Amino acid sequence: MNALDDAGWQPWDWQQRVAAQQPEWPDPEALDAVIKELAQRPALVVAKDVDRLRAALARAARGRAFVLQAGDCAESFHDHSASSLRAKLKIILQMAVVLTYSSGVSVVKIGRIAGQFAKPRSAPVEVVDGATLPSFRGHIVHDDAPTLDARRPNPERLLWAYDQSRATVSVLRALTEGGFADLSGAHRWNLDFVASSPEGQRYQAIADGVDRALRFMAGCGIDLEREAVLHQVNVWTSHEALLLPYEAALTRRDPASQRYYDLSAHMVWVGERTRQLDGAHLRFASGIANPVGLKVGPTMEPDTLVEACRILDPDRTPGRLVLISRMGHDAVRDRLGGLVEAVREAGYPVVWLCDPMHGNTFVSQSGYKTRRFEDVMDEIAGFFEVHRRLGTHAGGIHLELTGEDVTECLGGSEAVLESELCRAYDTICDPRLNARQSLDLAFRVAELLIR
Ligand SMILES: O=C[C@H](O)[C@H](O)COP(=O)(O)O
Ligand SMILES: C=C(OP(=O)(O)O)C(=O)O
Ligand SMILES: [Mn+2]
């Protein structure tokens with residue numbers, strides 16, 4: 001047992017462990033100054049809302065809700081207009097309506113948003129146009145331009161990421177609490193370039209159905225104005241807790257409960273590349289009261305996963321731990337079952353999500369990092385098959401998507417072809433599903449949910 005296991009947890013004690021995937025900050029004093037500044041800034045979310053998300057996830061752990069966690073691979077400092085945020089929100093709301101309308105299951109909506117800036121990478125360097133450069137690690141670290149100068153880590157960016165996250169949280173709140181997300185407006189969420197497509201028209205029919213249901217309820221004497229659930233929607237925030245100085249600086253002790261909360265987001269997760277049992281990331285995540293996600297890839301062994309559950313959720317609290325399977329479509333049917341069984345036998349009340357993106361990435365002949373829609377769907381289908389066989393709950397999906405009309409993933413009903421990837425390949429990191437592919441996926445997942 002490590003000496004740390006006996007001591008009380010502290011927000012900075014992860015520093016006694018090895019932290020993988022941290023940038024090499026050229027000026028440690030400048031980083032310290034930024035951390036001190038961040039620690040003085042207001043928290044981005046409040047502990048009460050973190051607890052509400054945990055309660056919602058506890059319902060998913062009991063099989064009573066389905067989680068939709070979605071957003072960019074990496075948020076960008078160059079693209080955070082209210083209109084692109086609105087488009088992101090629209091597609092998430094549309095997908096949730098499709099899932100709930102078709103299956104009757106309530107959907108917990110979580111954005112990869114308002115803090116999803118830092119990226120772990122497989123290799124420390126990349127070659128761009130013949131030049132060898134430090135790999136791009138997200139705008140919270142450096143710029144993505146392919147020059148040595150742009151790729152130098154700059155700690156000031158932690159403050160810029162905080163500022164952008166704060167603005168994003170406030171636009172999100174205005175949209176979700178100010179009428180935009182009212183169910184009676186479900187027609188308005190159809191994005192222009194989606195509306196005339198087959199998926200858009202299929203969605204339109206559902207929005208008509210929602211209207212009819214609302215009229216029916218009003219006709220039965222239910223005062224719809226007073227039903228808050230119809231007018232206010234929660235879209236919780238989440239990101240990978242990768243840059244531990246940023247996370248620790250925004251970790252605060254709740255005066256009521258005396259527990260520590262990472263108030264940079266409602267939920268954070270530990271990635272596939274930083275989930276070492278004796279590493280700094282698990283140590284940090286073990287002590288915060290937030291719901292915590294853990295990516296579970298194809299090399300994970302059942303014993304290791306059970307030990308990670310013990311570290312992250314020793315009290316077996318429903319809604320605390322979210323296991324995000326990202327096996328790849330060709331491995332999910334072989335690898336997932338043993339892990340689900342081991343966790344169940346050990347008695348951890350986790351929520352299982354399927355991330356069908358990160359195990360299915362490849363580089364196209366034309367040099368674009370991409371994913372096939374059919375592989376993504378096949379991994380989700382395999383995930384449902386495994387849970388159905390074991391009698392456990394397929395708790396949700398974790399996706400990289402955007403509300404924009406991009407061409408980053410191949411296939412889908414509009415069939416993006418390899419030759420078209422160059423038309424609108426706008427991501428700064430991994431390829432995202434575009435709005436039509438995302439809606440198409442929601443219809444297909446709804447069919448899996450009701451089967
Ligand atoms: O999600 C983002 C990760 O940084 C990414 O999947 C790793 O990609 P890489 O293998 O290109 O580094
Ligand atoms: C890096 C990511 O995933 P993973 O850790 O599963 O590779 C991610 O979700 O962006
Ligand atoms: Mn990614």
# chains A, B, ... in the order shown; residues from 1 in each chain; ligands from 1
call {"tool": "residues_near_ligand", "arguments": {"ligand": "ligand 3", "cutoff": "8 Å", "atoms": "only C-alpha atoms and all ligand atoms", "output": "short mmCIF file (atom, residue, chain, number, x, y, z; two decimals) with C-alpha atoms, in the first residue's frame"}}
result
data_model
loop_
_atom_site.label_atom_id
_atom_site.label_comp_id
_atom_site.auth_asym_id
_atom_site.auth_seq_id
_atom_site.Cartn_x
_atom_site.Cartn_y
_atom_site.Cartn_z
CA ASP A 72 -16.25 18.25 -29.30
CA CYS A 73 -13.12 16.17 -29.03
CA ALA A 74 -11.39 19.44 -28.18
CA LYS A 119 -5.69 16.49 -25.11
CA MET A 357 -15.39 6.83 -31.23
CA HIS A 358 -11.92 6.33 -29.73
CA GLU A 400 -17.70 13.31 -30.28
CA CYS A 429 -8.26 17.03 -32.87
CA ASP A 430 -10.46 13.96 -33.47
CA PRO A 431 -13.18 13.63 -36.16
#
call {"tool": "residues_around", "arguments": {"residues": "A:Thr304", "least_positions_apart": "5", "cutoff": "12 Å", "atoms": "only C-alpha atoms", "output": "PDB file with N, CA and C atoms, in the first residue's frame"}}
result
ATOM      1  N   ARG A 275      -4.858   6.372 -16.824  1.00  0.00           N
ATOM      2  CA  ARG A 275      -5.617   5.647 -15.792  1.00  0.00           C
ATOM      3  C   ARG A 275      -4.770   4.655 -14.982  1.00  0.00           C
ATOM      4  N   GLN A 276      -3.468   4.892 -14.875  1.00  0.00           N
ATOM      5  CA  GLN A 276      -2.602   4.003 -14.094  1.00  0.00           C
ATOM      6  C   GLN A 276      -3.090   3.987 -12.637  1.00  0.00           C
ATOM      7  N   LEU A 277      -3.163   2.780 -12.045  1.00  0.00           N
ATOM      8  CA  LEU A 277      -3.712   2.657 -10.689  1.00  0.00           C
ATOM      9  C   LEU A 277      -2.920   3.468  -9.671  1.00  0.00           C
ATOM     10  N   ASP A 278      -1.592   3.536  -9.872  1.00  0.00           N
ATOM     11  CA  ASP A 278      -0.773   4.277  -8.901  1.00  0.00           C
ATOM     12  C   ASP A 278      -0.421   5.667  -9.418  1.00  0.00           C
ATOM     13  N   VAL A 296     -12.346   2.932 -20.391  1.00  0.00           N
ATOM     14  CA  VAL A 296     -11.987   1.517 -20.268  1.00  0.00           C
ATOM     15  C   VAL A 296     -11.745   0.967 -21.675  1.00  0.00           C
ATOM     16  N   GLY A 297     -10.460   0.811 -22.001  1.00  0.00           N
ATOM     17  CA  GLY A 297     -10.091   0.359 -23.343  1.00  0.00           C
ATOM     18  C   GLY A 297      -9.818  -1.129 -23.397  1.00  0.00           C
ATOM     19  N   THR A 299      -7.269  -3.019 -23.462  1.00  0.00           N
ATOM     20  CA  THR A 299      -6.196  -3.675 -22.710  1.00  0.00           C
ATOM     21  C   THR A 299      -6.530  -3.779 -21.220  1.00  0.00           C
ATOM     22  N   CYS A 309     -12.125   0.637  -9.495  1.00  0.00           N
ATOM     23  CA  CYS A 309     -13.432   0.934  -8.873  1.00  0.00           C
ATOM     24  C   CYS A 309     -13.262   1.129  -7.368  1.00  0.00           C
ATOM     25  N   ARG A 310     -12.414   0.293  -6.767  1.00  0.00           N
ATOM     26  CA  ARG A 310     -12.208   0.419  -5.314  1.00  0.00           C
ATOM     27  C   ARG A 310     -11.569   1.771  -4.986  1.00  0.00           C
ATOM     28  N   ILE A 311     -10.628   2.186  -5.821  1.00  0.00           N
ATOM     29  CA  ILE A 311      -9.955   3.470  -5.573  1.00  0.00           C
ATOM     30  C   ILE A 311     -10.932   4.630  -5.765  1.00  0.00           C
ATOM     31  N   GLY A 338     -16.462  -9.703 -19.805  1.00  0.00           N
ATOM     32  CA  GLY A 338     -15.712 -10.101 -18.609  1.00  0.00           C
ATOM     33  C   GLY A 338     -15.560  -8.936 -17.639  1.00  0.00           C
ATOM     34  N   LEU A 339     -15.417  -7.739 -18.186  1.00  0.00           N
ATOM     35  CA  LEU A 339     -15.246  -6.546 -17.338  1.00  0.00           C
ATOM     36  C   LEU A 339     -16.557  -6.199 -16.633  1.00  0.00           C
ATOM     37  N   ALA A 342     -17.136  -8.711 -13.878  1.00  0.00           N
ATOM     38  CA  ALA A 342     -16.247  -8.536 -12.720  1.00  0.00           C
ATOM     39  C   ALA A 342     -16.723  -7.370 -11.854  1.00  0.00           C
ATOM     40  N   VAL A 343     -17.133  -6.287 -12.495  1.00  0.00           N
ATOM     41  CA  VAL A 343     -17.582  -5.112 -11.738  1.00  0.00           C
ATOM     42  C   VAL A 343     -18.892  -5.428 -11.012  1.00  0.00           C
TER      43      VAL A 343
END
call {"tool": "residues_near_ligand", "arguments": {"ligand": "ligand 2", "cutoff": "6 Å", "atoms": "only C-alpha atoms and all ligand atoms", "output": "JSON, numbers by chain"}}
result
{"A": [73, 120, 271, 272, 273, 295, 358]}
call {"tool": "residues_near_ligand", "arguments": {"ligand": "ligand 1", "cutoff": "12 Å", "atoms": "only C-alpha atoms and all ligand atoms", "output": "PyMOL selection string"}}
result
chain A and resi 21+71-75+112+116-127+134-138+239-240+242+270-274+295+297+326+355-363+367-371+399-400+427-432
call {"tool": "closest_residue", "arguments": {"among": "A:Ala114, A:Val268, A:Ala58, A:Ala248", "to": "A:Tyr162", "atoms": "only C-alpha atoms"}}
result
A:Ala114
call {"tool": "residues_around", "arguments": {"residues": "A:Gly200", "least_positions_apart": "3", "cutoff": "8 Å", "atoms": "only C-alpha atoms", "output": "list in words"}}
result
Asn190, Val194, Ala195, Ser196, Ser197, Tyr203, Gln204, Arg436 and Leu439 of chain A
call {"tool": "closest_residue", "arguments": {"among": "A:His80, A:Arg283, A:Arg226, A:Arg212", "to": "A:Leu244", "atoms": "only C-alpha atoms"}}
result
A:Arg283
call {"tool": "select_by_dssp", "arguments": {"residues": "stretch 112-358 of chain A", "states": "helix (DSSP H, G or I)", "output": "PyMOL selection string"}}
result
chain A and resi 156-177+183-189+192-195+198-219+224-226+228-231+244-249+280-287+302-312+332-345
call {"tool": "residues_around", "arguments": {"residues": "A:Ser257", "least_positions_apart": "3", "cutoff": "12 Å", "atoms": "only C-alpha atoms", "output": "VMD selection string"}}
result
chain A and resid 47 to 48 51 252 to 254 260 to 261 289
call {"tool": "write_last_selection", "arguments": {"atoms": "C-alpha atoms", "output": "PDB file, in the first residue's frame"}}
result
ATOM      1  CA  ALA A  47     -21.645  21.853  -5.571  1.00  0.00           C
ATOM      2  CA  LYS A  48     -25.438  21.554  -5.354  1.00  0.00           C
ATOM      3  CA  ASP A  51     -24.943  16.566  -6.449  1.00  0.00           C
ATOM      4  CA  ARG A 252     -12.964  23.799  -3.410  1.00  0.00           C
ATOM      5  CA  ARG A 253     -14.167  22.531  -0.053  1.00  0.00           C
ATOM      6  CA  ASP A 254     -17.930  22.705   0.339  1.00  0.00           C
ATOM      7  CA  TYR A 260     -13.934  18.629  -1.866  1.00  0.00           C
ATOM      8  CA  TYR A 261     -15.565  19.311  -5.249  1.00  0.00           C
ATOM      9  CA  ALA A 289     -17.117  14.425  -4.692  1.00  0.00           C
TER      10      ALA A 289
END
call {"tool": "atom_distance", "arguments": {"atom1": "atom CA of A:Met267", "atom2": "atom CA of A:Asp378"}}
result
27.1 Å
call {"tool": "closest_residue", "arguments": {"among": "A:Asn154, A:Leu421, A:Trp189, A:Phe373", "to": "A:Asp27", "atoms": "only C-alpha atoms"}}
result
A:Asn154
call {"tool": "atom_distance", "arguments": {"atom1": "atom CA of A:Gly396", "atom2": "atom CA of A:His329"}}
result
16.3 Å
call {"tool": "atom_distance", "arguments": {"atom1": "atom CA of A:Ala207", "atom2": "atom CA of A:Gly395"}}
result
24.7 Å
call {"tool": "closest_residue", "arguments": {"among": "A:Phe180, A:Tyr348, A:Phe193, A:Phe77", "to": "A:His139", "atoms": "only C-alpha atoms"}}
result
A:Phe77
call {"tool": "closest_residue", "arguments": {"among": "A:Val332, A:Phe216, A:Leu93, A:Pro245", "to": "A:Gln232", "atoms": "only C-alpha atoms"}}
result
A:Leu93
call {"tool": "residues_around", "arguments": {"residues": "A:Leu312", "least_positions_apart": "6", "cutoff": "10 Å", "atoms": "only C-alpha atoms", "output": "VMD selection string"}}
result
chain A and resid 282 to 288 291 to 294 306 320 to 321
call {"tool": "write_last_selection", "arguments": {"atoms": "N, CA and C atoms", "output": "compact mmCIF listing (two decimals), in the first residue's frame"}}
result
# COMPACT_ATOMS: atom_id res chain seq x y z
N LEU A 282 -5.66 9.12 -11.05
CA LEU A 282 -6.59 8.36 -10.21
C LEU A 282 -6.56 8.89 -8.78
N ARG A 283 -5.37 9.26 -8.33
CA ARG A 283 -5.28 9.84 -6.99
C ARG A 283 -6.15 11.11 -6.89
N PHE A 284 -6.02 12.00 -7.87
CA PHE A 284 -6.81 13.23 -7.82
C PHE A 284 -8.30 12.90 -7.85
N ALA A 285 -8.69 12.07 -8.80
CA ALA A 285 -10.12 11.78 -8.97
C ALA A 285 -10.71 11.08 -7.75
N SER A 286 -9.87 10.34 -7.02
CA SER A 286 -10.40 9.56 -5.89
C SER A 286 -10.96 10.45 -4.78
N GLY A 287 -10.48 11.70 -4.69
CA GLY A 287 -10.87 12.51 -3.54
C GLY A 287 -11.95 13.54 -3.78
N ILE A 288 -12.37 13.72 -5.03
CA ILE A 288 -13.40 14.74 -5.31
C ILE A 288 -14.79 14.11 -5.22
N PRO A 291 -19.30 13.22 -9.74
CA PRO A 291 -19.31 11.99 -10.53
C PRO A 291 -18.02 11.94 -11.36
N VAL A 292 -17.42 10.76 -11.44
CA VAL A 292 -16.15 10.61 -12.13
C VAL A 292 -16.30 9.53 -13.20
N GLY A 293 -15.76 9.81 -14.38
CA GLY A 293 -15.76 8.82 -15.45
C GLY A 293 -14.39 8.17 -15.54
N LEU A 294 -14.35 6.96 -16.06
CA LEU A 294 -13.07 6.28 -16.30
C LEU A 294 -13.17 5.61 -17.66
N VAL A 306 -11.52 -3.67 -11.34
CA VAL A 306 -12.14 -3.75 -10.01
C VAL A 306 -11.31 -2.93 -9.01
N ARG A 320 -21.77 7.78 -8.67
CA ARG A 320 -20.41 8.30 -8.50
C ARG A 320 -19.50 7.90 -9.68
N LEU A 321 -19.63 6.65 -10.12
CA LEU A 321 -18.64 6.15 -11.07
C LEU A 321 -19.29 5.77 -12.40
call {"tool": "select_by_dssp", "arguments": {"residues": "stretch 262-292 of chain A", "states": "strand (DSSP E or B)", "output": "short mmCIF file (atom, residue, chain, number, x, y, z; two decimals) with C-alpha atoms, in the first residue's frame"}}
result
data_model
loop_
_atom_site.label_atom_id
_atom_site.label_comp_id
_atom_site.auth_asym_id
_atom_site.auth_seq_id
_atom_site.Cartn_x
_atom_site.Cartn_y
_atom_site.Cartn_z
CA ASP A 262 -13.76 19.92 -8.52
CA MET A 267 -18.40 15.67 -14.06
CA VAL A 268 -14.81 14.92 -15.03
CA TRP A 269 -13.27 11.75 -16.39
CA VAL A 270 -9.88 10.03 -16.43
CA VAL A 292 -16.15 10.61 -12.13
#
